[in-house]
Structures are given as C-alpha cells and as structure tokens.
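Here's the structure, in structure tokens; my notes come after.
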Amino acid sequence: MMSKTRYQLHWITAVMSVLKTLKEMIVPILILVFANGVNDTGKWYLDYLTFLIFGFLIIVFFVTGIIKWKRYVYWFEEDELRIEYGLFVKKKRYIPFDRIQSLDYTEGILHRPFNLVKVSVETAGGSASLKAEAELTAITKEAATVIEMEIAEAKKRKIQGANLDEEFIEEVEVERESLVRKIFALSGKDLLVLATTSGGVGLIISGVIIFLFQFADILPIEWAYREVSVFIKSGLLLVAIAVFLILLVIWGISVAMTFFAYYGFTVQIDDEDIVITRGLLEKKRVTVPLNRVQSVRIVENPFRKLFGYANVVIDNAGGGVVGEGAKINLFPIVKKEAINTPLGELFPELVLEKPTNKLPARSKRFYYRIEFVWMVPAVAALSYFFFPFGLFSFLIVPIVISWGLWHHRSAAYEISGNQLTMRFRAFSLQTVYMMKNRIQSMEMKQNYFHRKRKVATVSAAIKSGMGAFYAQVKHMEEEEAERILAWYEPVREAVVVEDLDIEQ
Amino acid sequence: MRGQPSNRISEKGLRVWRLYGIIQTFFVLLVAIGVGVLTYIFEWQWYIYVIAAIIVIAYAYFFVYLFPKIKWLRWRYEVRESEIELQHGLFIVKRTLIPMVRVQHVDTSQGPILRKYNLAGITISTAATNHEIPALVVEEADDLRSRISTLARVADDDV
C-alpha cells in the first residue's frame, strides 16, 4: 500500500550527519595537515594536496548527508512503524507497535531553534536477534506526537478487539489522564551537590590525556621537555600550583557538564511508565515501563554519604544499544531518609528495609587473605631494595586488611517473600532489591578453602539492557547460601498455584 | 547440604580435554625448545635447560592429566521439569540454577574435534546469561536441547 503517507525527517538531519562525520574526522585531518605542513614545491596543487583531498571529502560527506536524509522515510502501516533508509543499499525496518517499549526524546542545541526532537524507539528486545531499534534524528514535536498517537490508537484497537465494551475503554482513558503524577524532582541545592561530587573527573582527565596522545606524534617533544625542565627549575611550588589549577579547571568542566545534564531532573509516573526528564542544553525524556524494571539499587558513595546522600539506580531490560539503555539513574542524588517515600510509590511491592542477615565472623579472612599473594612479594621486594624506607610498605598490610573487613561488615542479605535483597560494597555500598521472577539465574561458588570453612559466594544475574548485572554476596554462610538457592528453586506446579493464591 | 546434580558429561569429553591439553603442551614444548636452542647458542646458564624441562613436564602433568580429570569429575548437570542445575569448576566449584521459565533458547554446537568424537556442546541462554554444558554425545545433546526447549516453551516470556 503506497497510499500511506510517508514522512521525512527534518532537513537539519543532513547537517547533523555532516557535523558528526566531521567531528570523527577532525583528529586525522589535523594530524595530516600538521604532519604534512605546507611544502613549497612550486606546484600549487602539490602544496595544497591535503587540503584539496579534505575539501573534496567534505563535499562528499555533504552530498551523502543530503542523500541519506532524502532517502530516509518512515510511515505507519498494519500496526507497524516502518522505516526505509540507506545510501546505496535500500534497507527496510518494520517495528511492530507491540514491540515498541517506549519513545525517548532528546532535544539538542541544533533541535531547539526549529522545535524538533530526536526520537529513539526503544523495543523490548529479548535477545540480540530480535533487536529492532530505530532513531529518528530530527522530527518536529508534532510529528513525534503523531507517532505516539498512532501507537496508542493501535493499542486501543487491540483492547477493543479483546473486549468490545466502549464505555469501559473510556473509563480507562479518563483514569489514565489522572495517573500522571510527579514522584521526584531534583532541587537546586541537590543539583549543586550532585555536580560538585560527580565522579566524572577521572573520565575527563583520561579524555584529556587521550586527546594529548593523539597529538603526541606531532608535538615537538624535546622542545617541550626543555621548556618543562626550565619550568620545574623555576620552583616546585609553581608546578604544584599549575597542576592544581589544571585539575581545578577540569573539575569545573565536569561540574558544569553534570549541571547541564541533570538540570531540571524530574521523575514522573504515567500510568505504567516511569518518565524521566532532564537537561538544560540538551533536553532528554526517557520512558521506562514499570514492568521492564529488573532491579532497584541504592548506591551509597562514601563521600556523598558523609553529607547524608545516596543515589538510586534501576536496571532496565529494554533498549541498551540506542539511547539511555540499561542502567538508569532514577534518583541521581537524594537524601538517604527521603528515598523510601518516592521509591515506595513507584514500586509498592518492594520491601525497602535494610537487609539484616550479616556474615559470620569466620568468613572475615576471605575478604583479605587472597591479597597476601601479591602483598608479601611486593613488601619483601620494596623492603629489600629500598631499605630502610621500603619498610614503610608494611603499612599496606593493615590498610588492606581493614579494607577487607570493611567489605565484610558491609555485606548483608535478606529474603522477604518473593524478594531478595543483597548488600555489598565495591567502593560504594550497593543495596540491590530484586524480585524472584526477575533473577535470570543464580550461582553458588565455593573453592577448596570455602568448603573447609563452610562458606560460599552467592551471585544473582539480573538482566540489564542487553547484558547482565551480577549482584553477589561473597563468602556467606554455606547453609544460608543453600537456603537462598532453595528459595530460588522453582517449586512444583501444585505448590506454585498455592503461592499465587497467597499473593492475591 | 544440597545433593549433587545427577548426570555426568560424556566420558569422551575427558579424552577431548586431554587432547586440548596435548595440543597446548606441544606449543609450550616448542617455546621450551626455542629457549633451549638460544641457551645453547649464547651459552647461558645450564639450569635454564632444567627449568624449561620442568615447566614442560609440569604443564603436561597438569593440563593433560590432572585438570581435565578434576574438571570431568566435577561436571554434573540435571534437567528437571522446572529448572536446570549445573555444577562445574576446577578450583572454584560453581553451582548454577536456571529456572525453565527464564530459558530463552538452547543451542548445540560442535567444533571439529568434538565432531570427530561424536560430541556436542549445549548452550542455554537466558535473557541475560549463557550457560554451557560442554561435551555430550550428539544424540544426548539433541535430545536434551529439544527437551529443554519444550519445557521452556510452556513458560511465558515475561523477562
């Protein structure tokens, strides 16, 4: 049926694709231009060869960008979102509305002036082969609403097909309207705390280093080295100040980036969906259907905990490749005591109490003993080669042991009905709440020493995007580990029915 | 104490693992010979020959004899109506529980060596994880695959 209206993306798509390619090309271009320089061979076309090539390439990108945009069309047919695209090879992608889990919106700087949005279609991709995501780079907001309406109508038709009671449908509709309510909003103060304590610093530093390495070949290293040595001679204090200033600037950038990204962060609940909106320069709207949430995690970073803050993360089963994906920051930063009310509103079935079962004292050793494998040789070598100052390396032993004991003390677990709660520490303390029917598989691990001491590690695999997240409590009581496994073990049919009765 | 899963993998699996061990040992041997030749040419210390020989022998002992044996003795599986239970591991014994309702698909696969011994491996995939039962007689593997997929089909796919 060619009669269906076919929609095109906004022309800004072409500009965006050109800019994107240019952004990827910028480093090679710069390197080539610098490395080659402007020679003087007398023939102008040789002198400017690199420029000519890149000029030509840019024109090619521009043309392909326009063609790609021209050829990208989408339309609705037979309860499917159909997309046709491709530069040389014409590709078609049909996404049934049933499989569309949510539409996520992003408004970048280029979208703003034209009142456009980028729409990411998130599908319930169970396994990789069923992956059918799509991204409409730039369409008007009205066009986005049209897509939403088409999907909603198709779903309504389906319900009507199931039961023909018109009034009932209308009632549902009315109820739906009133169900949109705000659950959580980031206050200005919290946003500042989030930005200033954001862990993005390391990321940016490594980014800068990587960027510098890109230029390492063309930088006059020896010259720089001489300059640096002069610089160092001029006083260590100056160096320290310079380093500090650089770190300060990097930190400032990271603060600003977090601030822009999380500005106006709100969580709403719309019927069966969680809707998260955020962003200042680039506005994002992400939708997560409640029934796709696999686990709820409360993460307590020790630094933030000092000020009584924590953050809440959820694992989402959908998407993963395009857009926000797997791990979603539900409450990026929240006062510890203010978590339970909004979280309880979102997930009324969750028991949000602290897990109470701790680990036995005899499992303490497992938290640090393995570290001696590298500690003993390292300390011995340091003490031998750097005697007497190397002896200070012995200090690492109590530090590592207390680190291990800290982890031991933090670990806890609890079974409450169909819910398993696990708490463990990496650096941040994580408390994971999961329902039995969301755990994909469970594993109990024991090595020789574990068996001798009757302890075991239990790990539960949770689907998170296309991959898995493993929640595990290490070195717990063996009997308890077996109890958890027995709890997880599906019971025989007859008993299952009984279980369901109790639930209702 | 939980009882162990009831089924073992094929005894031929042990032979395959030994074969893998022999192939690996062969490469270690090549490296050792290389080192030996260099030692001879450059007149390094004599004990390098001894160390190289010990490494090769130890490698052969562990990877041809001991580890495959432990691995094979440890490997057990059981496919019940509502769950699959696996037990495996060399130093760390892992016991995995996969409820039938979580199984998304089952594959059998076979490399050239496995084919020669008429063996196949089964991979059980859930939405998030993959689990492998390594060496089963082909008929048994096919049987198991169809059994698991029938049992798994009964369940709804609420991820």
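How things are named: the first chain in the structure tokens is A, the next is B, and so on; residues count from 1 in each chain; ligands count from 1 in the order shown.
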
Give me the residues of chain B that have any atom at most 6 Å from an atom of chain A; for each, the nearest atom pair and the distance in Å, rounded to one decimal. Use only C-alpha atoms, sort by chain and number, and format it as JSON lines.
{"residue": "B:Phe91", "atom": "CA", "partner": "A:Asn447", "partner_atom": "CA", "distance": 5.6}
{"residue": "B:Ile92", "atom": "CA", "partner": "A:Asn447", "partner_atom": "CA", "distance": 4.1}
{"residue": "B:Val93", "atom": "CA", "partner": "A:Gln446", "partner_atom": "CA", "distance": 5.1}
{"residue": "B:Lys94", "atom": "CA", "partner": "A:Lys445", "partner_atom": "CA", "distance": 4.4}
{"residue": "B:Arg95", "atom": "CA", "partner": "A:Met444", "partner_atom": "CA", "distance": 5.0}
{"residue": "B:Thr96", "atom": "CA", "partner": "A:Glu443", "partner_atom": "CA", "distance": 4.2}
{"residue": "B:Leu97", "atom": "CA", "partner": "A:Met442", "partner_atom": "CA", "distance": 5.2}
{"residue": "B:Ile98", "atom": "CA", "partner": "A:Ser441", "partner_atom": "CA", "distance": 4.8}
{"residue": "B:Arg102", "atom": "CA", "partner": "A:Gln440", "partner_atom": "CA", "distance": 5.8}
{"residue": "B:Ala128", "atom": "CA", "partner": "A:Lys463", "partner_atom": "CA", "distance": 4.8}

Residue contacts of region 52-60 of chain A (12 Å, only C-alpha atoms) excluding same-chain residues fewer than 2 positions away, as a ChimeraX atom specification: /A:15,17-23,25-26,28-30,32-33,44-50,62-68

Extract, using only C-alpha atoms, all DNA, RNA and protein residues at most 8 Å from region 34-38 of chain B, discarding same-chain residues fewer than 3 positions from it, and format them as a PyMOL selection string. chain B and resi 30-31+41-43+48-49+52
